[in-house]
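Dropping coords_31.txt in here (compact mmCIF, C-alpha atoms and all ligand atoms):
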# COMPACT_ATOMS: atom_id res chain seq x y z
CA MET U 1 15.79 27.82 66.70
CA MET U 2 18.81 25.58 66.59
CA ARG U 3 16.50 22.51 66.71
CA LEU U 4 14.40 23.82 63.83
CA PHE U 5 17.55 24.43 61.73
CA CYS U 6 18.83 20.90 62.42
CA PHE U 7 15.44 19.36 61.57
CA THR U 8 15.13 21.29 58.26
CA SER U 9 18.68 20.34 57.23
CA LEU U 10 17.97 16.69 57.97
CA MET U 11 14.84 16.78 55.81
CA PHE U 12 16.78 18.31 52.88
CA ILE U 13 19.47 15.63 53.20
CA LEU U 14 16.88 12.84 53.27
CA VAL U 15 14.99 14.21 50.27
CA GLY U 16 18.32 14.75 48.44
CA MET U 17 19.31 11.16 49.19
CA ALA U 18 16.01 9.88 47.96
CA TYR U 19 16.45 11.54 44.56
CA SER U 20 20.23 11.06 44.31
CA ASP U 21 21.74 8.11 42.38
CA ASP U 22 22.80 6.52 45.64
CA GLY U 23 19.42 7.04 47.21
CA MET U 24 16.13 5.89 45.65
CA ASP U 25 16.84 4.99 42.02
CA LEU U 26 13.48 5.39 40.35
CA ASN U 27 14.59 3.34 37.39
CA LYS U 28 16.43 0.38 38.79
CA ASN U 29 15.40 -0.49 42.32
CA SER U 30 11.76 0.35 42.16
CA ARG U 31 11.18 -2.19 39.33
CA ALA U 32 11.81 -4.91 41.90
CA GLU U 33 9.63 -3.03 44.34
CA THR U 34 6.71 -2.97 41.92
CA GLY U 35 7.05 -6.69 41.36
CA GLY U 36 8.09 -6.17 37.74
CA ALA U 37 5.31 -3.72 36.94
CA GLN U 38 5.90 -0.18 35.70
CA THR U 39 7.68 2.31 37.94
CA LEU U 40 7.08 5.93 38.82
CA GLU U 41 9.82 6.87 36.37
CA ASP U 42 8.03 4.93 33.60
CA ILE U 43 4.86 6.89 34.30
CA LEU U 44 6.71 10.23 34.45
CA ALA U 45 8.57 9.44 31.22
CA ARG U 46 5.28 8.60 29.50
CA GLN U 47 3.81 11.89 30.74
CA ARG U 48 6.85 13.74 29.36
CA GLY U 49 5.98 12.17 26.00
CA GLU U 50 9.11 9.99 25.99
CA GLU U 51 9.11 6.50 24.55
CA VAL U 52 8.97 3.87 27.28
CA ASN U 53 10.17 0.35 26.66
CA TYR U 54 7.55 -1.92 28.18
CA ASN U 55 9.36 -5.15 27.39
CA PHE U 56 9.88 -5.76 31.12
CA ARG U 57 6.16 -6.50 31.37
CA LYS U 58 6.50 -9.54 29.16
CA SER U 59 8.55 -11.31 31.82
CA ALA U 60 6.34 -10.25 34.73
CA LEU U 61 3.66 -12.85 34.13
CA GLY U 62 3.57 -14.52 37.55
CA LYS U 63 3.43 -18.28 37.66
CA GLU U 64 4.70 -19.74 34.36
CA GLY U 65 2.20 -21.53 32.18
CA LEU U 66 -0.83 -20.53 34.21
CA GLU U 67 -3.48 -23.16 33.65
CA SER U 68 -7.00 -21.87 33.62
CA ASP U 69 -8.32 -24.98 35.37
CA THR U 70 -6.05 -24.36 38.37
CA ILE U 71 -8.10 -21.26 39.10
CA SER U 72 -11.67 -21.74 40.11
CA PRO U 73 -13.78 -19.02 38.45
CA LEU U 74 -15.36 -18.14 41.77
CA GLY U 75 -12.44 -18.99 44.01
CA THR U 76 -9.36 -17.07 45.00
CA MET U 77 -6.43 -16.87 42.66
CA GLY U 78 -3.85 -17.87 45.22
CA LEU U 79 -0.60 -16.11 44.50
CA VAL U 80 -1.63 -14.93 41.06
CA SER U 81 -2.51 -11.24 40.85
CA ASP U 82 -5.00 -9.61 38.49
CA ALA U 83 -2.16 -7.65 36.92
CA GLU U 84 -0.31 -10.87 36.11
CA VAL U 85 -3.39 -12.43 34.55
CA PHE U 86 -3.95 -9.38 32.39
CA ARG U 87 -0.29 -9.35 31.34
CA GLN U 88 -0.58 -13.04 30.44
CA LEU U 89 -3.61 -12.21 28.30
CA ARG U 90 -1.86 -9.26 26.75
CA TYR U 91 1.25 -11.22 25.81
CA ASN U 92 -0.72 -14.26 24.67
CA LYS U 93 0.63 -16.54 27.42
CA ALA U 94 -2.60 -17.38 29.22
CA ASP U 95 -4.15 -20.77 28.62
CA ILE U 96 -7.55 -19.85 27.20
CA ASN U 97 -10.41 -22.22 26.55
CA VAL U 98 -12.26 -21.11 23.44
CA SER U 99 -14.80 -23.05 21.46
CA SER U 100 -13.72 -21.55 18.10
CA LYS U 101 -10.52 -23.00 16.73
CA SER U 102 -9.59 -20.04 14.51
CA ALA U 103 -6.02 -18.82 14.85
CA ALA U 104 -7.17 -15.44 16.04
CA SER U 105 -9.77 -16.51 18.59
CA GLU U 106 -7.26 -17.42 21.27
CA ILE U 107 -5.83 -13.92 21.33
CA LEU U 108 -7.98 -11.71 23.49
CA VAL U 109 -5.72 -8.67 23.70
CA GLN U 110 -3.17 -7.32 21.22
CA ASP U 111 -1.76 -3.85 21.56
CA SER U 112 -0.36 -3.46 18.04
CA GLY U 113 -3.90 -2.41 17.08
CA MET U 114 -3.37 1.12 18.38
CA ASN U 115 -0.19 1.58 16.32
CA TRP U 116 -2.06 0.34 13.26
CA LEU U 117 -5.01 2.65 13.91
CA ASN U 118 -2.73 5.66 14.36
CA LEU U 119 -0.89 4.81 11.15
CA ARG U 120 -4.14 4.37 9.24
CA GLU U 121 -5.73 7.57 10.52
CA GLY U 122 -2.50 9.57 10.30
CA PRO U 123 0.34 9.09 7.78
CA LEU U 124 -1.55 6.71 5.47
CA GLN U 125 -4.36 9.21 4.92
CA LYS U 126 -2.10 12.27 4.90
CA TYR U 127 0.59 11.06 2.50
CA GLY U 128 -1.92 9.13 0.40
CA ALA U 129 -4.02 12.25 -0.19
CA LEU U 130 -0.91 14.37 -0.79
CA SER U 131 0.43 11.95 -3.40
CA LEU U 132 -2.83 11.97 -5.37
CA ILE U 133 -3.24 15.76 -5.19
CA GLY U 134 0.49 16.19 -5.98
CA MET U 135 0.23 14.08 -9.15
CA ILE U 136 -2.91 15.89 -10.35
CA GLY U 137 -1.17 19.26 -9.71
CA LEU U 138 1.95 18.12 -11.57
CA LEU U 139 -0.09 17.02 -14.60
CA ALA U 140 -2.05 20.28 -14.62
CA PHE U 141 1.26 22.18 -14.56
CA PHE U 142 2.69 19.99 -17.34
CA PHE U 143 -0.44 20.58 -19.43
CA LEU U 144 -0.07 24.33 -18.94
CA ILE U 145 3.54 24.41 -20.17
CA ARG U 146 3.42 21.67 -22.84
CA GLY U 147 -0.23 21.64 -23.87
CA ARG U 148 -1.68 18.67 -25.76
CA ILE U 149 1.04 16.78 -27.65
CA PRO U 150 -0.08 17.11 -31.31
CA VAL U 151 0.25 14.71 -34.25
CA GLU U 152 3.04 16.71 -35.85
CA ASN U 153 2.45 15.93 -39.51
CA GLY U 154 -1.30 16.15 -39.12
CA LEU U 155 -3.71 13.25 -39.53
CA SER U 156 -3.10 11.25 -42.71
CA GLY U 157 -6.61 9.86 -42.87
CA ILE U 158 -5.23 6.32 -43.04
CA THR U 159 -5.57 4.22 -39.90
CA ILE U 160 -4.01 0.96 -38.77
CA GLU U 161 -5.19 -1.50 -36.16
CA ARG U 162 -3.43 -1.02 -32.83
CA PHE U 163 -5.47 -3.22 -30.48
CA LYS U 164 -7.88 -6.06 -31.24
CA PRO U 165 -11.39 -5.95 -29.71
CA ILE U 166 -10.47 -8.65 -27.15
CA GLU U 167 -7.44 -6.59 -26.02
CA ARG U 168 -9.60 -3.50 -25.68
CA PHE U 169 -12.23 -5.44 -23.75
CA ALA U 170 -9.57 -6.69 -21.31
CA HIS U 171 -8.12 -3.16 -20.96
CA TRP U 172 -11.49 -1.59 -20.22
CA LEU U 173 -12.42 -4.34 -17.78
CA LEU U 174 -9.12 -3.73 -15.99
CA ALA U 175 -9.60 0.06 -16.13
CA SER U 176 -13.23 0.14 -14.96
CA SER U 177 -12.63 -2.37 -12.16
CA PHE U 178 -9.52 -0.46 -11.04
CA ILE U 179 -11.42 2.84 -10.93
CA LEU U 180 -14.27 1.28 -8.92
CA LEU U 181 -11.79 -0.33 -6.54
CA GLY U 182 -9.91 2.97 -6.19
CA LEU U 183 -13.04 5.01 -5.43
CA THR U 184 -14.54 2.49 -2.98
CA GLY U 185 -11.13 2.01 -1.35
CA LEU U 186 -10.75 5.77 -0.84
CA LEU U 187 -14.27 5.92 0.58
CA THR U 188 -13.38 3.19 3.08
CA LEU U 189 -10.15 4.89 4.11
CA PHE U 190 -11.36 8.49 4.34
CA GLY U 191 -15.11 8.03 4.93
CA ARG U 192 -15.08 7.80 8.71
CA ASN U 193 -13.13 11.03 9.17
CA PHE U 194 -14.43 13.09 6.27
CA LEU U 195 -17.84 11.81 5.17
CA ILE U 196 -19.53 11.11 8.52
CA PRO U 197 -19.29 14.79 9.59
CA MET U 198 -20.85 15.77 6.23
CA ILE U 199 -23.55 13.12 5.59
CA GLY U 200 -24.08 11.60 9.03
CA HIS U 201 -23.71 8.06 10.39
CA GLU U 202 -26.87 6.56 8.86
CA THR U 203 -26.16 7.57 5.25
CA PHE U 204 -22.49 6.74 5.59
CA SER U 205 -23.34 3.31 6.93
CA SER U 206 -25.38 2.41 3.81
CA LEU U 207 -22.73 3.93 1.57
CA ALA U 208 -19.93 2.04 3.33
CA LEU U 209 -21.80 -1.26 3.08
CA ALA U 210 -22.45 -0.79 -0.65
CA SER U 211 -18.86 0.32 -1.14
CA LYS U 212 -17.51 -2.77 0.65
CA TRP U 213 -19.75 -5.04 -1.44
CA ILE U 214 -18.53 -3.43 -4.68
CA HIS U 215 -14.89 -3.50 -3.54
CA ASN U 216 -14.98 -7.18 -2.53
CA ASN U 217 -16.76 -8.39 -5.67
CA VAL U 218 -15.23 -6.19 -8.35
CA SER U 219 -11.79 -7.32 -7.19
CA TRP U 220 -12.34 -10.62 -9.08
CA ALA U 221 -12.82 -8.76 -12.38
CA PHE U 222 -9.62 -6.81 -11.69
CA MET U 223 -7.62 -9.96 -10.97
CA ALA U 224 -8.99 -11.83 -14.00
CA SER U 225 -8.30 -8.93 -16.41
CA LEU U 226 -4.83 -8.51 -14.92
CA VAL U 227 -4.00 -12.09 -15.91
CA VAL U 228 -5.44 -11.62 -19.43
CA ILE U 229 -3.58 -8.31 -19.97
CA PHE U 230 -0.36 -9.99 -18.82
CA ILE U 231 -0.78 -12.85 -21.29
CA PHE U 232 -1.64 -10.51 -24.20
CA TRP U 233 1.10 -7.93 -23.72
CA VAL U 234 4.01 -9.44 -21.81
CA ALA U 235 5.94 -10.28 -25.00
CA HIS U 236 5.80 -6.62 -26.09
CA ASN U 237 6.97 -5.38 -22.71
CA ILE U 238 10.33 -7.10 -22.30
CA PRO U 239 12.87 -4.30 -21.70
CA THR U 240 15.40 -3.74 -24.52
CA ARG U 241 18.34 -1.39 -25.18
CA LEU U 242 16.01 0.86 -27.14
CA ASP U 243 14.23 1.68 -23.89
CA ILE U 244 17.38 3.25 -22.41
CA LYS U 245 17.62 5.62 -25.41
CA TRP U 246 13.92 6.43 -25.04
CA ILE U 247 14.33 7.25 -21.35
CA LEU U 248 17.51 9.33 -21.92
CA ASN U 249 15.50 11.30 -24.48
CA GLY U 250 12.70 11.93 -21.96
CA GLY U 251 10.38 10.05 -24.33
CA GLY U 252 10.28 13.17 -26.52
CA MET U 253 7.76 14.58 -24.05
CA PHE U 254 9.66 17.78 -23.39
CA SER U 255 10.48 18.74 -26.97
CA SER U 256 8.32 19.03 -30.07
CA HIS U 257 10.86 17.78 -32.58
CA SER U 258 12.68 14.79 -31.14
CA HIS U 259 10.81 11.49 -30.99
CA PRO U 260 12.82 8.52 -29.78
CA SER U 261 12.17 5.28 -31.64
CA ALA U 262 9.85 2.69 -30.17
CA ARG U 263 8.28 -0.65 -30.99
CA LYS U 264 4.67 -1.47 -29.99
CA PHE U 265 5.22 -0.16 -26.45
CA ASN U 266 7.78 2.51 -25.52
CA ALA U 267 9.78 2.51 -22.26
CA GLY U 268 7.21 4.71 -20.49
CA GLN U 269 4.43 2.28 -21.36
CA LYS U 270 6.58 -0.66 -20.31
CA ILE U 271 7.00 0.98 -16.90
CA ILE U 272 3.21 1.42 -16.67
CA PHE U 273 2.71 -2.21 -17.73
CA TRP U 274 5.09 -3.64 -15.10
CA VAL U 275 3.78 -1.34 -12.37
CA VAL U 276 0.24 -2.53 -13.17
CA ILE U 277 1.27 -6.21 -13.30
CA LEU U 278 3.62 -6.38 -10.30
CA LEU U 279 1.84 -3.97 -7.98
CA GLY U 280 -1.50 -5.32 -9.24
CA ALA U 281 -0.39 -8.83 -8.19
CA SER U 282 0.78 -7.52 -4.83
CA VAL U 283 -2.39 -5.53 -4.16
CA SER U 284 -4.39 -8.64 -5.14
CA ALA U 285 -2.42 -10.89 -2.76
CA SER U 286 -2.83 -8.51 0.19
CA GLY U 287 -6.49 -7.99 -0.81
CA LEU U 288 -7.13 -11.74 -0.74
CA SER U 289 -5.56 -11.93 2.70
CA LEU U 290 -7.99 -9.20 3.84
CA LEU U 291 -10.94 -10.86 2.10
CA PHE U 292 -10.31 -14.16 3.90
CA PRO U 293 -9.22 -13.00 7.37
CA PHE U 294 -6.44 -14.99 9.05
CA GLU U 295 -6.35 -17.54 6.19
CA PHE U 296 -3.34 -16.22 4.26
CA PRO U 297 -0.74 -14.82 6.64
CA MET U 298 2.15 -13.66 4.46
CA PHE U 299 4.27 -11.20 6.34
CA ALA U 300 6.09 -13.37 8.91
CA ALA U 301 7.28 -15.72 6.13
CA THR U 302 8.27 -12.78 3.88
CA PHE U 303 10.12 -11.06 6.75
CA ALA U 304 11.98 -14.31 7.53
CA LYS U 305 13.14 -14.54 3.89
CA MET U 306 14.17 -10.86 3.92
CA ASN U 307 16.11 -11.40 7.17
CA SER U 308 17.94 -14.40 5.73
CA LEU U 309 18.96 -12.29 2.71
CA GLY U 310 20.19 -9.55 5.06
CA LEU U 311 17.90 -6.96 3.44
CA PRO U 312 16.84 -5.14 6.65
CA SER U 313 20.49 -4.28 7.42
CA LEU U 314 20.62 -2.20 4.20
CA PHE U 315 18.15 0.12 5.94
CA GLY U 316 19.98 0.06 9.29
CA ILE U 317 17.46 -2.38 10.83
CA GLU U 318 18.81 -5.46 12.60
CA SER U 319 15.96 -7.76 11.60
CA LEU U 320 12.23 -7.74 10.89
CA PRO U 321 9.81 -9.47 13.29
CA THR U 322 8.98 -13.04 12.31
CA ASN U 323 6.73 -13.93 15.23
CA LEU U 324 3.58 -12.04 14.29
CA LEU U 325 0.13 -12.42 15.80
CA PRO U 326 -2.67 -13.21 13.32
CA HIS U 327 -4.04 -9.70 13.94
CA GLU U 328 -0.67 -8.14 13.19
CA GLU U 329 -0.60 -10.06 9.91
CA MET U 330 -3.99 -8.53 9.04
CA GLN U 331 -2.87 -5.04 10.06
CA LEU U 332 0.25 -5.33 7.89
CA SER U 333 -1.84 -6.60 4.98
CA GLN U 334 -4.12 -3.57 5.27
CA VAL U 335 -1.22 -1.12 5.43
CA TRP U 336 0.58 -2.76 2.50
CA HIS U 337 -2.64 -2.97 0.45
CA THR U 338 -3.22 0.76 0.94
CA ILE U 339 0.36 1.85 0.18
CA VAL U 340 0.54 -0.24 -3.00
CA ALA U 341 -2.91 0.98 -4.09
CA PHE U 342 -1.83 4.62 -3.67
CA ILE U 343 1.33 4.07 -5.75
CA MET U 344 -0.81 2.46 -8.45
CA MET U 345 -3.37 5.28 -8.37
CA VAL U 346 -0.64 7.92 -8.72
CA VAL U 347 0.86 6.10 -11.73
CA ILE U 348 -2.55 5.40 -13.31
CA ILE U 349 -3.64 9.05 -13.02
CA ALA U 350 -0.60 9.94 -15.16
CA HIS U 351 -1.50 7.11 -17.57
CA ILE U 352 -5.09 8.31 -17.90
CA TYR U 353 -3.84 11.85 -18.58
CA ILE U 354 -1.52 10.77 -21.40
CA GLY U 355 -4.07 8.36 -22.87
CA SER U 356 -6.80 11.03 -23.03
CA VAL U 357 -6.19 14.81 -22.86
CA GLY U 358 -2.37 14.73 -22.84
CA MET U 359 -1.75 13.31 -26.32
CA ALA U 360 -3.76 13.84 -29.51
CA GLY U 361 -4.67 10.57 -31.22
CA ALA U 362 -3.78 8.28 -28.30
CA TYR U 363 -7.31 7.54 -27.08
CA ASP U 364 -8.33 6.06 -30.44
CA ALA U 365 -5.98 3.15 -29.79
CA MET U 366 -8.25 1.96 -26.99
CA GLY U 367 -11.43 3.61 -28.30
CA SER U 368 -11.87 2.26 -31.84
CA GLY U 369 -8.67 0.22 -31.86
CA GLN U 370 -7.50 2.14 -34.98
CA VAL U 371 -4.77 4.81 -34.92
CA ASP U 372 -3.71 7.26 -37.60
CA VAL U 373 -0.56 6.20 -39.46
CA ASN U 374 1.11 9.55 -38.73
CA TRP U 375 0.45 9.12 -34.99
CA ALA U 376 1.93 5.63 -35.19
CA LYS U 377 5.01 6.91 -37.10
CA GLN U 378 5.54 9.64 -34.50
CA HIS U 379 5.25 7.50 -31.36
CA HIS U 380 5.91 3.89 -32.42
CA ASP U 381 7.93 4.18 -35.63
CA ILE U 382 9.51 0.70 -35.58
CA TRP U 383 6.15 -0.99 -34.86
CA GLU U 384 4.48 0.99 -37.69
CA GLU U 385 7.29 0.14 -40.12
CA GLU U 386 7.16 -3.57 -39.26
CA LEU U 387 3.38 -3.62 -39.53
CA SER U 388 3.28 -1.90 -42.93
CA LYS U 389 6.01 -4.26 -44.26
CA LYS U 390 4.01 -7.23 -42.99
CA ASN U 391 0.83 -5.85 -44.56
CA SER U 392 2.44 -5.15 -47.96
CA ASN U 393 3.79 -8.74 -48.05
CA SER U 394 0.49 -10.32 -47.09
CA THR U 395 -2.57 -11.33 -49.10
CA PRO U 396 -5.31 -8.70 -49.67
CA LYS U 397 -7.50 -10.41 -47.02
CA ASP U 398 -4.87 -9.74 -44.30
CA THR U 399 -4.50 -6.06 -45.21
CA ASP U 400 -7.71 -5.40 -43.28
CA ALA U 401 -5.41 -3.93 -40.64
CA ILE U 402 -4.95 -0.81 -42.83
CA THR U 403 -8.12 1.21 -43.30
CA PRO U 404 -8.54 4.47 -45.19
CA ALA U 405 -10.54 6.78 -42.98
CA GLU U 406 -14.00 7.65 -44.28
C1 LIG A 501 -9.94 5.17 -17.53
C2 LIG A 501 -9.09 5.81 -18.22
C3 LIG A 501 -8.06 5.16 -19.10
C4 LIG A 501 -7.76 5.57 -20.36
C5 LIG A 501 -8.37 6.74 -21.10
C6 LIG A 501 -6.74 4.69 -20.85
C7 LIG A 501 -6.18 4.76 -22.10
C8 LIG A 501 -5.25 3.89 -22.62
C9 LIG A 501 -4.75 3.93 -23.95
C10 LIG A 501 -5.16 4.93 -25.03
C11 LIG A 501 -3.83 2.94 -24.07
C12 LIG A 501 -3.05 2.57 -25.33
C13 LIG A 501 -1.81 3.38 -25.50
C14 LIG A 501 -1.16 3.08 -26.82
O1 LIG A 501 -1.82 2.96 -27.82
O2 LIG A 501 0.04 2.97 -26.87
C15 LIG A 501 -3.76 2.26 -22.81
C16 LIG A 501 -2.91 1.22 -22.51
C17 LIG A 501 -2.80 0.63 -21.29
N1 LIG A 501 -3.60 0.86 -20.18
FE1 LIG A 501 -5.03 2.29 -20.03
N2 LIG A 501 -6.41 3.78 -19.87
C18 LIG A 501 -7.20 4.02 -18.78
C19 LIG A 501 -7.18 3.33 -17.56
C20 LIG A 501 -6.31 2.30 -17.27
C21 LIG A 501 -6.24 1.66 -16.01
C22 LIG A 501 -7.10 2.02 -14.79
C23 LIG A 501 -5.27 0.72 -16.09
C24 LIG A 501 -4.77 -0.26 -15.07
C25 LIG A 501 -5.12 -0.36 -13.85
C26 LIG A 501 -4.72 0.78 -17.42
C27 LIG A 501 -3.71 0.00 -17.89
C28 LIG A 501 -3.16 0.06 -19.15
C29 LIG A 501 -2.03 -0.69 -19.58
C30 LIG A 501 -1.23 -1.70 -18.75
C31 LIG A 501 -1.79 -0.33 -20.91
C32 LIG A 501 -0.65 -0.83 -21.81
C33 LIG A 501 0.61 -0.02 -21.53
C34 LIG A 501 0.46 1.42 -21.86
O3 LIG A 501 0.01 1.74 -22.97
O4 LIG A 501 0.76 2.24 -21.01
N3 LIG A 501 -5.39 1.76 -18.11
N4 LIG A 501 -4.65 2.85 -21.93
Translate this structure into structure tokens?
Amino acid sequence: MMRLFCFTSLMFILVGMAYSDDGMDLNKNSRAETGGAQTLEDILARQRGEEVNYNFRKSALGKEGLESDTISPLGTMGLVSDAEVFRQLRYNKADINVSSKSAASEILVQDSGMNWLNLREGPLQKYGALSLIGMIGLLAFFFLIRGRIPVENGLSGITIERFKPIERFAHWLLASSFILLGLTGLLTLFGRNFLIPMIGHETFSSLALASKWIHNNVSWAFMASLVVIFIFWVAHNIPTRLDIKWILNGGGMFSSHSHPSARKFNAGQKIIFWVVILLGASVSASGLSLLFPFEFPMFAATFAKMNSLGLPSLFGIESLPTNLLPHEEMQLSQVWHTIVAFIMMVVIIAHIYIGSVGMAGAYDAMGSGQVDVNWAKQHHDIWEEELSKKNSNSTPKDTDAITPAE
């Protein structure tokens, strides 16, 4: 009995020692024991759902600068283990002989792909969809409480030219290409998860191919019309002090009687213009980098500039990574392209609302190019005044801009 008691106590002490700090430290000592590979504690932490820092693997690559020709394909690998070879491949340290000379072909393994996939299938889809639905809901609510903004003094029957045919052509080219890009982009992002269960793989495959073709080719029309729109309208969209008054007045959107003064474009339209131009340029740049894979890496250089300006520290981040794999560049381009496109879609949905159902008389500006004088006086009083002064001083031939409605 006494012997049994002594034996049990000894076992408890040994087990206690093994798990105590002084005994077997699962974190520290066993790393050396595993030859630099992951430890039991790493595995347990991963199973508990905790974040595990795997940086230690990067330095456990076996013989430095492993040369592929030192290892005979059919021979033994000497002191090099399989695990070390795979870690060398994973951290892009193995000397690989590839026939293709593309930047990406020498990288056989990159684990940032899983993070990208999770981001694309998770937050990007979730918050993207919520932002679009949220904006449509907000506009529906606004329409319910405010209704269609009327032309307060009624239509005068006299119209003036607001946009020339060439301006309208550029606008509609921009608008139709944007809508096609938006729809095909959404199909690419959501199709796999939402359309395949509904229409099956075969049909989705044809749809996805057509969608990709449209998206890739229509992008040129979008970029070209973006440049034309910029040239036509930039002079009218330089911010002025008048814009501050317009914004402080809520653009007169929330009251029926106050209408802040505006020239050709009011502050709200200037915001739309700059969002379209700046985000349009950004979505085009990231789109081009996706269209020509690995040819236009942009993020490492941008991150380096941001680091040198100290921008990351404003967000509590020490620095942004500047040593990116070609694949990581592509993943970042895709994420950026999608985020920027969603912001644009949200803003453009509001623009489409106000240019069609939200405001009486607005659509004509882009439809026929002629707007009623009373509409112009209500929303762009300074522009209307300047235009009618110009017209009354000009020769009869130039007064074509003013047309009595039939
Ligand atoms: C498809 C539906 C659309 C409709 C009904 C529409 C309507 C209009 C109208 C009526 C105007 C002139 C406003 C005025 O006279 O002051 C305008 C201007 C403009 N549109 Fe559109 N538009 C549409 C789509 C788009 C799209 C998709 C874009 C860009 C991607 C866009 C970009 C612009 C810009 C930059 C302006 C000048 C600034 C402004 O008025 O906000 N439009 N649009």
Do you know which residues are at most 9 Å from Phe296 in chain U counting all atoms listed in the file, after dropping those on the same chain fewer than 4 positions away, and could you put them as a PyMOL selection string? chain U and resi 285-286+288-290+292+329
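One distance worth recording is that between CA of Trp213 in chain U and CA of Ile179 in chain U, which is 14.9 Å.
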Edge lengths and centre, in Å to one decimal, as lines of an AutoDock Vina configuration file: that's what I need for the box along x, y and z that holds all listed atoms of ligand LIG 501 (chain A) plus 6 Å on each side.
center_x = -4.6
center_y = 2.5
center_z = -20.8
size_x = 22.7
size_y = 20.4
size_z = 26.0
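The residue that comes closest to ligand LIG 501 (chain A), out of U:Glu152, U:Glu328, U:Asp364, U:Glu318 and on the basis of all atoms listed in the file, is U:Asp364.
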Residues of chain U that approach ligand LIG 501 (chain A) to 8 Å or less, counting all atoms listed in the file: could you list each one with the shortest pair of atoms and its distance in Å to one decimal, rows by chain and increasing residue number, as a Markdown table?
| residue | atom | partner | partner_atom | distance |
| --- | --- | --- | --- | --- |
| U:Arg162 | CA | A:LIG501 | O1 | 6.6 |
| U:Phe163 | CA | A:LIG501 | O1 | 7.7 |
| U:His171 | CA | A:LIG501 | N1 | 6.1 |
| U:Trp172 | CA | A:LIG501 | C19 | 7.1 |
| U:Leu174 | CA | A:LIG501 | C24 | 5.6 |
| U:Ala175 | CA | A:LIG501 | C22 | 3.4 |
| U:Ser176 | CA | A:LIG501 | C22 | 6.4 |
| U:Ser177 | CA | A:LIG501 | C22 | 7.5 |
| U:Phe178 | CA | A:LIG501 | C22 | 5.1 |
| U:Ile179 | CA | A:LIG501 | C22 | 5.9 |
| U:Ile229 | CA | A:LIG501 | C30 | 7.1 |
| U:Trp233 | CA | A:LIG501 | C32 | 7.6 |
| U:Lys264 | CA | A:LIG501 | O2 | 7.1 |
| U:Phe265 | CA | A:LIG501 | O2 | 6.1 |
| U:Asn266 | CA | A:LIG501 | O2 | 7.9 |
| U:Gly268 | CA | A:LIG501 | O4 | 6.9 |
| U:Gln269 | CA | A:LIG501 | O4 | 3.7 |
| U:Lys270 | CA | A:LIG501 | C33 | 6.1 |
| U:Ile271 | CA | A:LIG501 | O4 | 7.6 |
| U:Ile272 | CA | A:LIG501 | O4 | 5.1 |
| U:Phe273 | CA | A:LIG501 | C30 | 4.1 |
| U:Trp274 | CA | A:LIG501 | C30 | 7.6 |
| U:Val276 | CA | A:LIG501 | C24 | 5.8 |
| U:Ile277 | CA | A:LIG501 | C30 | 7.5 |
| U:Gly280 | CA | A:LIG501 | C25 | 7.7 |
| U:Met344 | CA | A:LIG501 | C25 | 7.5 |
| U:Ile348 | CA | A:LIG501 | C22 | 5.9 |
| U:His351 | CA | A:LIG501 | N2 | 6.4 |
| U:Ile352 | CA | A:LIG501 | C3 | 4.5 |
| U:Tyr353 | CA | A:LIG501 | C5 | 7.3 |
| U:Ile354 | CA | A:LIG501 | C7 | 7.6 |
| U:Gly355 | CA | A:LIG501 | C10 | 4.2 |
| U:Ser356 | CA | A:LIG501 | C5 | 5.0 |
| U:Ala362 | CA | A:LIG501 | C10 | 4.9 |
| U:Tyr363 | CA | A:LIG501 | C10 | 4.0 |
| U:Asp364 | CA | A:LIG501 | C10 | 6.4 |
| U:Ala365 | CA | A:LIG501 | O1 | 4.6 |
| U:Met366 | CA | A:LIG501 | C10 | 4.7 |
| U:Gly367 | CA | A:LIG501 | C10 | 7.2 |
| U:Val371 | CA | A:LIG501 | O1 | 7.9 |
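Here CA of Val227 in chain U is placed at a distance of 26.3 Å from CA of Leu242 in chain U.
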Between CA of Gly137 in chain U and CA of Gly287 in chain U, what is the spacing in Å? 29.2 Å
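Remark: for Gly185 in chain U, the closest of the candidate residues U:Lys245, U:His215, U:Arg46, U:His380 is U:His215 (distances computed over all atoms listed in the file).
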